[in-house]
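**Student:** Handing you a structure now.
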Amino acid sequence: MRAAPDAADQVKDYRQRYWSIMARSQFVLCPRGYGSSSFRLFEAMQCGRAPVIVSDAWVPPAGPDWSAFSLRIPERKLAQIPQILAQHEDEAARMGELARKAWQQWFSDEATPRTLLGYLDGIADAGLARAAGNAWWSARTLLGARQLRSLASWALRTQEP
C-alpha cells in the first residue's frame, strides 16, 4: 500500500507547480490579498513576468515606473481580463523584461535595504502625515509590519552619525 504524501511533500509539490506555471506565463494576475496588494506582484517581477494588478485600492510603491511593465485593471473589469491581456500580448515579453529590471533595481535582496531606507528617509524628511503615508505604505507593501519594524531598528543602529 502506498503511503499518503506528508504535508511537507504537498507544499513542495505545490511550490513546484506554482513556479512552473509562473515560468510559462506571459502575464501574472496579482489580485488584492489581505490588503490592497499581493506579494505575487513582486514574485511576478522577480520572474520577469508582467504583473496584472487587480485592486482598486492599490497604491504603487514609490520608485519604479509601474506603467512601463504592469497592467492595472479595475476590479469591476475582472470579466474582461482575457480580452485586455489579448490586446497587450505583443508587449508581454518587453514588459516582463522591464519588470525584472525594476525588481532588481528596487526590490531584490541587494536593493531592498536601500529602497526601504529611502522610504524611511522620505518619512523622516516629509514631516507631514500625508506625504509620509505614501512612503510608509510603499515600505509596508514590500514587507510585512514586523519585517519593516526590524529593518527600521537595524537601520537606525547601523547608520553613521
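By order of appearance in the C-alpha cells: chains A, B, ..., then residues from 1 within every chain, and ligands from 1 in the order shown.
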Set the distance at 10 Å and use only C-alpha atoms: which residues neighbour Ile73 (chain A) once local chain neighbours fewer than 5 positions away are removed? I'd like the list as a ChimeraX atom specification.
**Tutor:** /A:29-31,52-56,78,80-81,84
**Student:** Give me the residues within 12 Å of Tyr18 (chain A) as a compact mmCIF listing (two decimals) with C-alpha atoms, in the first residue's frame, counting only C-alpha atoms and dropping any in the same chain fewer than 5 places off.
**Tutor:**
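Printed below is result_2.txt as written:
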```
# COMPACT_ATOMS: atom_id res chain seq x y z
CA VAL A 11 3.87 22.02 -0.02
CA LYS A 12 6.93 21.20 -2.13
CA ASP A 13 4.74 19.90 -4.97
CA ALA A 23 7.63 30.41 -15.80
CA ARG A 24 5.22 29.51 -18.63
CA SER A 25 3.10 32.65 -18.21
CA VAL A 28 0.62 37.09 -13.83
CA ARG A 40 2.53 37.88 -6.01
CA GLU A 43 7.16 37.35 -7.41
CA ALA A 44 5.98 38.15 -10.95
CA CYS A 47 10.43 36.04 -12.55
```
**Student:** Provide the CA of Gly96 (chain A) to CA of Arg76 (chain A) distance in Å, to one decimal place.
**Tutor:**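 Separating CA of Gly96 (chain A) from CA of Arg76 (chain A) is a distance of 24.9 Å.
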**Student:** List the spatial neighbours of Ala92 (chain A) as a ChimeraX atom specification - criterion: any atom at most 9 Å away, only C-alpha atoms, same-chain residues fewer than 5 positions off excluded.
**Tutor:** /A:26-27,49-50,69,85,97
**Student:** Using only C-alpha atoms for the distances, tell me which of A:Gln83, A:Gln46, A:Pro74, A:Glu91 is nearest to Asp109 (chain A).
**Tutor:**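 Of the candidates, the smallest distance to Asp109 (chain A) is held by A:Gln46.
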**Student:** Using only C-alpha atoms, which of the listed residues (A:Tyr34, A:Leu41, A:Gly63, A:Tyr14) sits closest to Leu116 (chain A)?
**Tutor:**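 Result for the nearest residue to Leu116 (chain A): A:Gly63.
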**Student:** Can you list, as an NGL selection string, every residue of region 21-63 of chain A that DSSP puts in alpha helix (DSSP H)?
**Tutor:** :A and (21-24 or 40-46)
**Student:** Would you mind reading off the distance between CA of Gln105 (chain A) and CA of Pro51 (chain A), one decimal, in Å?
**Tutor:**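 Those two atoms sit 16.4 Å apart.
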**Student:** Would you mind reading off the distance between CA of Met45 (chain A) and CA of Gln10 (chain A), one decimal, in Å?
**Tutor:**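 These two atoms are separated by 25.5 Å.
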